[in-house]
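Okay, so here's the structure we're looking at.
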Number of protein chains: 4
Amino acid sequence: MSYATEKLSEEKVFKDPVHRYVHVRDRVVWDLIGTREFQRLRRIRQLGTTYLTFHGAEHSRLNHSLGVYEIVRRIIDDGFEGRQDWNPDDRLLCLCAALLHDLGHGPFSHSFEKVFHLDHEDFTQAIILGDTEVNVVLKKVHKDFPKDVAEVIAKTYKNKLVVSMISSQIDADRMDYLQRDAYFTGVSYGHFDMERILRVMRPREDQVVIKSSGMHAVEDYIMSRYQMYWQVYFHPVTRSAEVILTKILHRAKQLHQEYYTFKYHPVHFYSLFEEEISVEDYIKLDEAVVMYYFQSWQEEEDSILSDLCRRFMNRNLFKYVEFNPNKQMMDLMELTSLFKKAGIDPAYYLVVDSSSDLPYDFYRPGEEEERLPIHLLMPNGDVRELSRESEIVDAISGKRRTDHKLYFPQDLLEDLSTKKTAKKKIREILGI
Amino acid sequence: MSYATEKLSEEKVFKDPVHRYVHVRDRVVWDLIGTREFQRLRRIRQLGTTYLTFHGAEHSRLNHSLGVYEIVRRIIDDGFEGRQDWNPDDRLLCLCAALLHDLGHGPFSHSFEKVFHLDHEDFTQAIILGDTEVNVVLKKVHKDFPKDVAEVIAKTYKNKLVVSMISSQIDADRMDYLQRDAYFTGVSYGHFDMERILRVMRPREDQVVIKSSGMHAVEDYIMSRYQMYWQVYFHPVTRSAEVILTKILHRAKQLHQEYYTFKYHPVHFYSLFEEEISVEDYIKLDEAVVMYYFQSWQEEEDSILSDLCRRFMNRNLFKYVEFNPNKQMMDLMELTSLFKKAGIDPAYYLVVDSSSDLPYDFYRPGEEEERLPIHLLMPNGDVRELSRESEIVDAISGKRRTDHKLYFPQDLLEDLSTKKTAKKKIREILGI
Amino acid sequence: MSYATEKLSEEKVFKDPVHRYVHVRDRVVWDLIGTREFQRLRRIRQLGTTYLTFHGAEHSRLNHSLGVYEIVRRIIDDGFEGRQDWNPDDRLLCLCAALLHDLGHGPFSHSFEKVFHLDHEDFTQAIILGDTEVNVVLKKVHKDFPKDVAEVIAKTYKNKLVVSMISSQIDADRMDYLQRDAYFTGVSYGHFDMERILRVMRPREDQVVIKSSGMHAVEDYIMSRYQMYWQVYFHPVTRSAEVILTKILHRAKQLHQEYYTFKYHPVHFYSLFEEEISVEDYIKLDEAVVMYYFQSWQEEEDSILSDLCRRFMNRNLFKYVEFNPNKQMMDLMELTSLFKKAGIDPAYYLVVDSSSDLPYDFYRPGEEEERLPIHLLMPNGDVRELSRESEIVDAISGKRRTDHKLYFPQDLLEDLSTKKTAKKKIREILGI
Amino acid sequence: MSYATEKLSEEKVFKDPVHRYVHVRDRVVWDLIGTREFQRLRRIRQLGTTYLTFHGAEHSRLNHSLGVYEIVRRIIDDGFEGRQDWNPDDRLLCLCAALLHDLGHGPFSHSFEKVFHLDHEDFTQAIILGDTEVNVVLKKVHKDFPKDVAEVIAKTYKNKLVVSMISSQIDADRMDYLQRDAYFTGVSYGHFDMERILRVMRPREDQVVIKSSGMHAVEDYIMSRYQMYWQVYFHPVTRSAEVILTKILHRAKQLHQEYYTFKYHPVHFYSLFEEEISVEDYIKLDEAVVMYYFQSWQEEEDSILSDLCRRFMNRNLFKYVEFNPNKQMMDLMELTSLFKKAGIDPAYYLVVDSSSDLPYDFYRPGEEEERLPIHLLMPNGDVRELSRESEIVDAISGKRRTDHKLYFPQDLLEDLSTKKTAKKKIREILGI
């Protein structure tokens with residue numbers, strides 16, 4: 001028996017709150033879970049700063065990665081095996097790609113990527129192909145296997161059916177995170193009938209299609225996504241924490257460039273600041289390390305850095321007002337000027353943050369890309385695009401919704417012991 | 001209006017996966033939640049190393065503390081208000097004590113307390129009474145209020161009815177953690193009809209009693225506790241992680257005492273090693289800091305420290321066999337000797353771990369204390385101890401169950417390239 | 001203390017699968033629940049023939065009535081009490097109207113009303129105002145109270161705020177049945193965050209409005225309704241059972257008019273056939289009685305009546321194909337003629353059934369009426385109609401969807417031992 | 001392909017609230033579900049009179065029968081297939097026996113069986129072996145198949161492994177009803193980790209055993225059963241309804257024997273009264289028929305019959321007090337005499353009802369039989385009886401609990417307009 005087909009002597013299971021159990025029978029999968037690069041995902045939260053809004057949202061990306069693997073396993077083992085258009089040789093490739101698809105995520109990806117011009121997808125590729133435990137395991141399958149897995153995740157793999165299982169508008173990734181994030185935040189959105197969807201998924205040439213009898217379950221899934229985006233992922237309090245986090249990173253980088261002497265040297269950040277971080281250094285970066293620095297930097301002499309860190313650690317966040325870029329740019333410029341007068345650096349304390357999505361063409365935070373539509377398999381064997389069949393999806397399809405908010409530290413503006421005039425004027429403009 | 005009775009202009013709610021919502025109307029409670037000492041509980045996991053067994057168990061003590069507060073709030077607002085034997089002036093005291101009862105927990109309390117001879121209850125007292133943001137808030141109620149809150153938590157407060165709401169065999173603490181830990185681990189134990197229990201709780205002189213019509217709900221609660229202890233809290237894999245964690249702390253302390261030069265100086269641990277840690281230093285200790293060190297120490301030259309840290313970070317845990325102290329002490333001594341021969345230090349790599357509980361007289365890990373029994377309020381107004389009424393509780397009451405396991409690194413014993421004879425002999429004794 | 005304000009010495013609770021508990025403290029409510037007219041609702045299923053599609057949907061209207069009462073009670077006791085625009089004197093009126101709003105429903109209302117030209121709303125009025133136990137209880141409150149309750153249910157009551165609690169596009173009635181029907185059928189639709197909606201409902205002059213912060217919960221509720229209509233209420237198999245039921249009633253009435261001698265005389269149906277049923281006779285009609293006759297009529301000599309009854313009792317339903325009235329009327333006429341040739345009476349065995357709804361202007365089966373829109377309460381105190389604020393509701397608002405199906409007995413058409421030519425031609429046209 | 005192995009062209013599913021979906025692929029199973037004898041189970045409630053206590057408990061035995069089938073299907077298809085000790089030829093036999101195991105249940109079995117000396121198990125046998133649609137389907141498999149299925153249900157089948165799947169202390173029957181009854185009543189008991197139990201069930205010679213790693217899930221299951229018995233099945237209000245139902249049947253039989261002239265002739269009951277009911281007549285008896293009579297008999301001249309029927313239909317039940325047969329027999333005799341004096345016939349209005357169970361040797365109402373213990377499969381391959389391994393099961397094993405209650409019509413005793421002295425004395429003795 002080859003390593004690729006080796007089974008554990010007894011099936012292993014992980015208790016999972018969302019899928020009840022995650023089942024592992026394949027030796028390769030078991031070995032991948034045991035690698036340090038995969039275990040590191042325990043120290044990266046799935047939802048970044050969301051735990052400051054929804055206190056239950058403390059779950060890690062390892063949690064989610066196991067879930068995506070389990071969904072793909074069920075799609076294949078319970079649904080695809082034995083069907084035309086499905087090649088059983090692709091099974092292990094799908095399982096590995098599902099398990100590893102988020103491997104390159106760093107701490108608070110959204111902010112880190114923006115500030116340091118990183119791309120977690122590049123790191124996923126680099127970890128799979130580099131000098132890592134994951135690579136060692138994958139190579140044991142065969143020498144090109146790491147490349148295949150990497151290509152599936154990068155969506156460049158030749159077999160688009162395989163790609164579509166973890167990257168489409170109704171893939172295992174999205175199905176897991178919607179349910180998982182709903183579970184851990186405790187919101188009542190995010191629920192849809194995944195059991196039904198799994199039952200009606202079919203391999204069809206180069207994509208996964210959905211039997212038209214399952215259309216309503218897919219509609220429900222799309223509505224769940226819409227609600228999760230606006231109720232959870234784009235929650236204004238979460239974005240406030242994200243704004244502060246981004247400004248901490250900006251400030252630390254700025255101070256580094258100005259040769260400021262840190263009490264707590266940001267050793268783990270040097271290569272980030274220089275924007276030439278290695279895979280090895282990247283792997284050492286996790287949210288525990290980041291929190292260690294933020295915790296320590298509360299004692300830095302630089303008052304902006306220490307203040308922002310204290311805000312982040314103690315959840316003393318920025319407040320916000322709605323902001324309309326078409327009408328209020330003059331206000332923003334005046335506010336910028338008034339903040340300076342009030343002794344509050346607008347570069348760090350006055351921030352416009354925008355969120356935007358298309359209900360049936362969502363992007364996840366940090367991802368902007370073209371998305372293939374969902375296709376239905378009609379009783380007569382035809383394949384039709386979802387919005388041509390579903391009136392409700394058609395109604396919302398392509399309707400982009402955008403939201404802008406202006407963030408600021410209300411507590412500083414309420415302290416009228418200094419700069420009273422400027423602060424009063426600011427509060428007047430903000431309407432607070 | 002005094003600060004003690006001040007209400008928020010609008011009720012605040014936190015979405016909670018277990019209780020749906022946590023409701024806050026009192027200004028004092030809101031201010032306490034905003035303190036740095038309370039926010040710090042976000043960085044202490046509720047279940048220590050359990051997340052290495054049940055990957056969903058990544059929830060923090062802040063999560064749990066809000067839950068206990070909410071239960072006490074419901075007991076009072078929905079049940080006790082207006083009843084004889086209930087003094088409405090005790091409401092705020094109960095809410096604050098509920099919210100703050102775990103304030104002194106440090107990272108991985110169980111292991112840290114054992115190795116460094118700490119007591120989280122002492123720190124809870126010290127934080128409430130010391131120079132902290134929590135103390136400032138409480139003192140605004142009145143100058144003796146911090147002391148009162150501290151005494152309630154310490155169970156020394158004069159009004160035992162108040163004490164019993166957060167410290168009895170069926171208190172808000174236990175009711176929250178059983179349900180919460182069940183939710184996040186995903187196990188099907190831990191469920192009981194809390195709604196029913198809340199409805200039948202009555203204040204009665206110096207204790208909370210349960211109307212006898214709710215006896216079956218209490219039986220179910222006790223069975224849930226039993227199952228959670230053996231299925232979750234005492235899970236052998238969790239204990240394996242705990243064993244390794246303890247040995248890391250022992251090793252670091254040992255190295256410190258031997259003047260070993262750390263690559264990563266354990267600055268945050270010095271006062272722990274000396275067993276003279278201040279409240280201020282203690283507050284800075286959280287699990288992010290601990291993980292930062294463990295992460296870094298993987299690169300230490302000391303091979304025991306780096307090996308143990310790698311095991312912990314990458315979940316390469318010890319395996320175990322059942323151990324009977326009455327029959328197998330000779331085996332243990334022989335194994336100790338053989339481990340030395342095999343070049344594996346038994347002080348760090350051969351560990352007996354014991355768990356023990358009484359189903360209706362449980363202790364929580366790290367707490368050993370006398371527990372008052374649960375009392376039922378009979379229809380005729382009498383009060384009777386639970387096990388005299390419930391045959392099922394009577395049957396299991398006082399039946400202590402103990403479990404001993406012997407932990408060791410199976411992977412090292414499987415490497416027969418060196419010390420083959422000793423290792424073979426060890427494996428023979430262990431039966432692996 | 002007057003009867004209107006009398007409280008039970010101890011609160012009564014009913015265990016409810018949807019709301020956990022239904023709480024009763026008011027003597028009047030307790031007495032109404034005990035009347036024979038209310039208890040009769042146990043023998044009327046909430047979802048008519050739906051149990052033949054979703055086997056769990058066997059719940060009664062009593063079940064639902066208690067749920068609507070509980071929701072209204074919570075809206076008032078937990079939300080409205082103490083608010084401006086809310087008159088506490090309206091509480092009991094609301095509770096009684098909620099509890100009794102479906103009192104006039106007969107067995108399988110939808111079909112019975114159509115065939116016998118009844119209106120369950122008229123019977124609700126008649127039972128409340130007539131010589132009934134319910135009337136006796138209500139009159140004890142005060143002599144005009146039955147009239148007030150009847151008017152609230154009829155939506156003619158002067159205080160429109162009171163009316164809107166049980167009759168609006170987001171009332172207690174709809175909130176209960178969506179959740180309850182989802183629970184008992186087991187579908188994953190029908191869930192929305194009622195807790196949140198209850199928290200943001202406000203009395204405002206002559207209507208209940210929703211704080212705009214709860215808009216997303218309302219969107220979710222509207223989507224849930226949409227899904228429940230098409231997935232459950234309009235399910236084609238349920239409609240098949242409904243078609244057969246209607247035809248049984250038509251046949252029995254026809255036979256009665258033709259002086260057919262029944263083996264089992266339809267004593268309980270006589271006044272229905274004559275369309276002059278009294279309240280007293282109506283109350284005796286429940287689904288047990290109807291099933292008794294259908295059960296018995298399986299043995300009638302009239303082959304159409306006995307065949308239809310056997311189909312209904314043994315779930316041997318009609319099959320269906322899509323039907324387009326604009327294009328296929330010619331087909332229908334030809335089929336009618338062919339059915340006659342095949343010896344299958346088209347008046348009973350060839351039926352077009354249509355379902356139609358507006359997602360944000362739904363009608364419930366059997367109800368066609370104007371619906372007031374949902375209003376949001378904006379932060380600045382303004383009131384705005386929902387679809388002007390919600391892009392997703394706007395997108396689907398006013399988009400009517402209609403579905404036509406043609407029902408027929410496939411088994412009869414498959415028996416080619418007789419009338420082979422006609423049957424073959426029929427099957428060709430139907431495409432089966 | 002033979003009928004026994006014929007598969008449907010496409011799998012059919014039923015939406016089930018407890019198991020999500022019930023899956024049917026086998027033609028035989030599909031055909032059995034379509035028989036009139038199986039469909040009749042829709043008109044027999046699973047929990048008899050329990051709906052008068054828990055209003056959600058309106059679910060039918062068809063509901064439960066599909067659930068037991070689904071569990072057995074999963075045990076076999078997901079667990080047993082391919083294992084040693086499992087003969088794939090037994091699959092269809094198990095599925096059919098599971099589906100049909102309750103086929104002989106009549107309306108309100110418990111009371112009917114007691115009053116008319118029936119046994120639903122005999123009728124199950126008779127229906128399977130008699131001139132029925134079920135028999136026709138089964139015979140198509142092979143001529144002895146009906147007999148085999150009947151023997152499995154009767155526990156006389158030669159292969160005890162097959163028998164134990166639907167008749168043991170942890171069989172599919174019990175696992176379904178505990179969960180289903182908990183779901184529909186809404187109680188929080190009745191939950192246990194069935195997924196886990198299914199995963200650890202193993203065929204082993206002549207029985208199903210449980211891998212010892214699943215012992216805690218089994219303990220939890222046993223506790224769930226205990227709670228369901230005392231909280232739901234033996235609920236005193238349910239028993240009150242049962243008492244009245246039994247007395248209605250007694251009275252009707254008595255009147256029949258006395259040649260009383262019924263307004264509504266109990267045609268369907270004649271053969272019951274004579275205790276010589278045929279299978280054909282039995283099948284026509286369902287709860288709709290019974291309710292039809294009870295509804296009608298409210299108008300009978302016999303005041304006992306009409307009063308009891310009114311009580312049952314309108315839920316005007318008897319009240320109860322605890323009764324100790326060892327101490328209070330004298331009281332009972334005196335009460336009997338006093339009831340006569342008060343003009344209330346004690347034969348119908350003064351009833352002692354007893355419930356009794358063994359937590360780990362339960363009997364279901366109406367079943368008294370020997371039960372085989374649950375066996376654990378130890379890691380070394382040994383098989384051990386559960387209570388020898390589980391301390392908690394051992395503690396409660398064999399501890400019989402019995403409860404006696406005395407039922408009476410409190411409303412009649414409160415009417416002091418007549419027989420004041422006797423009624424006062426009665427109330428004194430009853431302590432009401």
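Note on naming: chains are A, B, ... as they come in the structure tokens, residues start from 1 per chain, ligands start from 1 in the order shown.
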Taking a cut-off of 12 Å and counting only C-alpha atoms, can you build a table that, for each residue of chain D near chain A, reports the nearest atom pair and how far apart they are in Å (one decimal), sorted by chain then residue number, as a Markdown table?
```
| residue | atom | partner | partner_atom | distance |
| --- | --- | --- | --- | --- |
| D:Glu10 | CA | A:Arg199 | CA | 11.9 |
| D:Glu11 | CA | A:Arg199 | CA | 10.3 |
| D:Lys12 | CA | A:Arg199 | CA | 11.4 |
| D:Val13 | CA | A:Arg199 | CA | 10.4 |
| D:Phe14 | CA | A:Arg196 | CA | 11.6 |
| D:Lys15 | CA | A:Arg196 | CA | 10.0 |
| D:His19 | CA | A:Glu195 | CA | 11.3 |
| D:Arg20 | CA | A:Glu195 | CA | 8.2 |
| D:Tyr21 | CA | A:Glu195 | CA | 8.8 |
| D:His23 | CA | A:Arg199 | CA | 11.2 |
| D:Asp77 | CA | A:Asp78 | CA | 11.9 |
| D:Asp78 | CA | A:Asp78 | CA | 10.7 |
| D:Asp193 | CA | A:Arg20 | CA | 9.8 |
| D:Met194 | CA | A:Arg20 | CA | 10.9 |
| D:Glu195 | CA | A:Arg20 | CA | 8.2 |
| D:Arg196 | CA | A:Tyr21 | CA | 9.1 |
| D:Arg199 | CA | A:Glu11 | CA | 10.3 |
| D:Val200 | CA | A:Glu11 | CA | 11.5 |
```
Deliver the residues from the most recent selection as a file, using C-alpha atoms, as a compact mmCIF listing (two decimals), in the first residue's frame.
```
# COMPACT_ATOMS: atom_id res chain seq x y z
CA GLU D 10 -33.53 7.97 -7.09
CA GLU D 11 -33.22 7.97 -3.33
CA LYS D 12 -36.31 9.32 -1.56
CA VAL D 13 -36.00 11.41 1.57
CA PHE D 14 -38.41 12.50 4.25
CA LYS D 15 -37.59 15.63 6.21
CA HIS D 19 -32.73 12.86 12.27
CA ARG D 20 -32.79 15.69 9.67
CA TYR D 21 -33.65 13.26 6.88
CA HIS D 23 -33.40 8.07 3.55
CA ASP D 77 -25.04 1.12 6.30
CA ASP D 78 -22.63 3.37 8.19
CA ASP D 193 -24.99 11.63 21.94
CA MET D 194 -26.55 9.15 19.53
CA GLU D 195 -23.95 9.93 16.89
CA ARG D 196 -21.30 8.67 19.28
CA ARG D 199 -20.10 5.01 15.99
CA VAL D 200 -19.25 2.54 18.76
```
Can you pull out the residues contacting segment 259-271 of chain A? Cut-off 9 Å, using only C-alpha atoms, and skip same-chain residues under 6 positions away; I want them as a compact mmCIF listing (two decimals) with N, CA and C atoms, in the first residue's frame.
```txt
# COMPACT_ATOMS: atom_id res chain seq x y z
N ALA A 252 4.13 51.90 14.69
CA ALA A 252 5.35 51.16 15.03
C ALA A 252 6.33 51.20 13.87
N LYS A 253 5.83 51.03 12.67
CA LYS A 253 6.68 51.08 11.47
C LYS A 253 7.32 52.46 11.33
N ILE A 277 10.04 39.87 4.65
CA ILE A 277 9.93 38.79 5.62
C ILE A 277 10.07 37.42 4.96
N SER A 278 10.81 36.52 5.64
CA SER A 278 10.98 35.15 5.13
C SER A 278 9.83 34.28 5.61
N ASP A 281 10.36 33.33 9.29
CA ASP A 281 9.96 34.38 10.23
C ASP A 281 8.44 34.54 10.27
N TYR A 282 7.86 34.43 9.11
CA TYR A 282 6.41 34.59 9.01
C TYR A 282 5.68 33.56 9.88
N LYS A 284 6.63 32.23 12.51
CA LYS A 284 6.73 32.52 13.95
C LYS A 284 5.77 33.60 14.40
N LEU A 285 5.26 34.34 13.44
CA LEU A 285 4.33 35.42 13.76
C LEU A 285 2.95 34.85 14.02
N VAL A 289 2.13 36.40 19.70
CA VAL A 289 3.31 37.27 19.59
C VAL A 289 2.86 38.73 19.45
N VAL A 290 1.89 38.97 18.59
CA VAL A 290 1.41 40.34 18.38
C VAL A 290 0.83 40.91 19.68
N TYR A 293 3.47 42.01 22.10
CA TYR A 293 4.04 43.34 21.84
C TYR A 293 3.06 44.45 22.21
N SER A 296 3.02 44.93 25.79
CA SER A 296 4.25 45.58 26.28
C SER A 296 4.28 47.06 25.87
N TRP A 297 3.88 47.33 24.64
CA TRP A 297 3.98 48.69 24.12
C TRP A 297 3.05 49.68 24.83
N GLU A 299 3.52 50.47 27.54
CA GLU A 299 4.45 51.21 28.40
C GLU A 299 5.47 52.03 27.61
N GLU A 300 5.33 52.06 26.28
CA GLU A 300 6.28 52.84 25.47
C GLU A 300 6.13 54.34 25.77
N GLU A 301 7.22 55.07 25.55
CA GLU A 301 7.16 56.52 25.80
C GLU A 301 6.39 57.25 24.71
N ASP A 302 6.46 56.75 23.51
CA ASP A 302 5.70 57.40 22.43
C ASP A 302 4.22 57.36 22.78
```
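Picture a line from atom CA of Ser417 of chain A to atom CA of Tyr320 of chain A; it runs 22.5 Å.
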Legend entry - atom CA of Glu219 of chain D to atom CA of Asp382 of chain D, straight-line distance in Å: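 Computing it gives 19.5 Å between the two atoms.
The coordinates place atom CA of Glu428 of chain D at 16.7 Å from atom CA of Lys327 of chain D.
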Polymer residues at most 8 Å from Phe123 of chain A, only C-alpha atoms, same-chain spacing of 3 or more positions, as a JSON list (two decimals) with C-alpha atoms, in the first residue's frame:
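Saved the output as result32.json:
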```json
[["chain", "number", "residue", "atom", "x", "y", "z"],
["A", 103, "LEU", "CA", -2.28, 27.97, 5.82],
["A", 104, "GLY", "CA", -0.67, 31.30, 4.94],
["A", 105, "HIS", "CA", -2.92, 33.46, 7.08],
["A", 119, "ASP", "CA", -0.69, 38.51, 0.69],
["A", 120, "HIS", "CA", -1.65, 35.48, 2.73],
["A", 126, "ALA", "CA", 5.35, 29.44, 0.00],
["A", 127, "ILE", "CA", 4.64, 27.23, 3.01],
["A", 279, "VAL", "CA", 8.65, 32.20, 5.37]]
```
Polymer residues at most 7 Å from Leu95 of chain C, only C-alpha atoms, same-chain spacing of 3 or more positions, as a compact mmCIF listing (two decimals) with N, CA and C atoms, in the first residue's frame:
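Once written, part29.txt looks like this:
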```txt
# COMPACT_ATOMS: atom_id res chain seq x y z
N TYR C 69 -50.09 34.09 21.94
CA TYR C 69 -50.34 34.74 23.25
C TYR C 69 -49.02 35.05 23.95
N VAL C 72 -47.13 38.03 22.39
CA VAL C 72 -47.76 39.31 22.74
C VAL C 72 -47.48 39.64 24.20
N ARG C 73 -47.55 38.64 25.06
CA ARG C 73 -47.27 38.88 26.48
C ARG C 73 -45.86 39.42 26.66
N ARG C 91 -53.51 45.95 27.92
CA ARG C 91 -52.79 44.69 28.03
C ARG C 91 -53.70 43.46 27.92
N LEU C 92 -54.72 43.40 28.76
CA LEU C 92 -55.55 42.21 28.78
C LEU C 92 -56.27 42.02 27.43
N ALA C 98 -54.94 37.84 21.15
CA ALA C 98 -53.87 36.97 20.66
C ALA C 98 -54.26 35.51 20.85
N LEU C 99 -54.74 35.19 22.04
CA LEU C 99 -55.07 33.80 22.37
C LEU C 99 -56.20 33.28 21.49
```
Inset, instruction - Write out as a PyMOL selection string which residues come within 10 Å of Ser168 of chain A when counting only C-alpha atoms, dropping same-chain ones fewer than 5 positions away. - result: chain A and resi 155+163+173-174+207-208+370-374
May I have the residues from that selection written out with N, CA and C atoms, as an mmCIF file, in the first residue's frame?
```
data_model
loop_
_atom_site.group_PDB
_atom_site.id
_atom_site.type_symbol
_atom_site.label_atom_id
_atom_site.label_comp_id
_atom_site.auth_asym_id
_atom_site.auth_seq_id
_atom_site.Cartn_x
_atom_site.Cartn_y
_atom_site.Cartn_z
ATOM 1 N N LYS A 155 -6.038 28.324 -7.515
ATOM 2 C CA LYS A 155 -7.069 28.270 -8.578
ATOM 3 C C LYS A 155 -6.488 28.167 -9.982
ATOM 4 N N VAL A 163 -10.867 22.602 -8.339
ATOM 5 C CA VAL A 163 -10.722 23.974 -7.842
ATOM 6 C C VAL A 163 -12.050 24.475 -7.267
ATOM 7 N N ASP A 173 -15.367 26.207 1.736
ATOM 8 C CA ASP A 173 -14.819 27.285 2.554
ATOM 9 C C ASP A 173 -15.953 28.174 3.081
ATOM 10 N N ARG A 174 -16.740 28.716 2.173
ATOM 11 C CA ARG A 174 -17.833 29.609 2.566
ATOM 12 C C ARG A 174 -18.871 28.875 3.425
ATOM 13 N N GLN A 207 -16.982 21.752 -13.222
ATOM 14 C CA GLN A 207 -17.475 22.507 -12.063
ATOM 15 C C GLN A 207 -18.411 21.656 -11.211
ATOM 16 N N VAL A 208 -18.671 22.149 -9.999
ATOM 17 C CA VAL A 208 -19.697 21.561 -9.159
ATOM 18 C C VAL A 208 -20.997 22.295 -9.459
ATOM 19 N N GLU A 370 -12.530 38.045 -9.481
ATOM 20 C CA GLU A 370 -13.705 37.646 -10.223
ATOM 21 C C GLU A 370 -14.248 36.335 -9.653
ATOM 22 N N ARG A 371 -15.534 36.211 -9.654
ATOM 23 C CA ARG A 371 -16.166 35.006 -9.095
ATOM 24 C C ARG A 371 -17.020 34.368 -10.178
ATOM 25 N N LEU A 372 -16.900 33.068 -10.289
ATOM 26 C CA LEU A 372 -17.755 32.348 -11.230
ATOM 27 C C LEU A 372 -19.142 32.201 -10.631
ATOM 28 N N PRO A 373 -20.170 32.288 -11.452
ATOM 29 C CA PRO A 373 -21.533 32.167 -10.919
ATOM 30 C C PRO A 373 -21.852 30.736 -10.495
ATOM 31 N N ILE A 374 -22.948 30.607 -9.751
ATOM 32 C CA ILE A 374 -23.443 29.292 -9.342
ATOM 33 C C ILE A 374 -24.335 28.741 -10.459
#
```
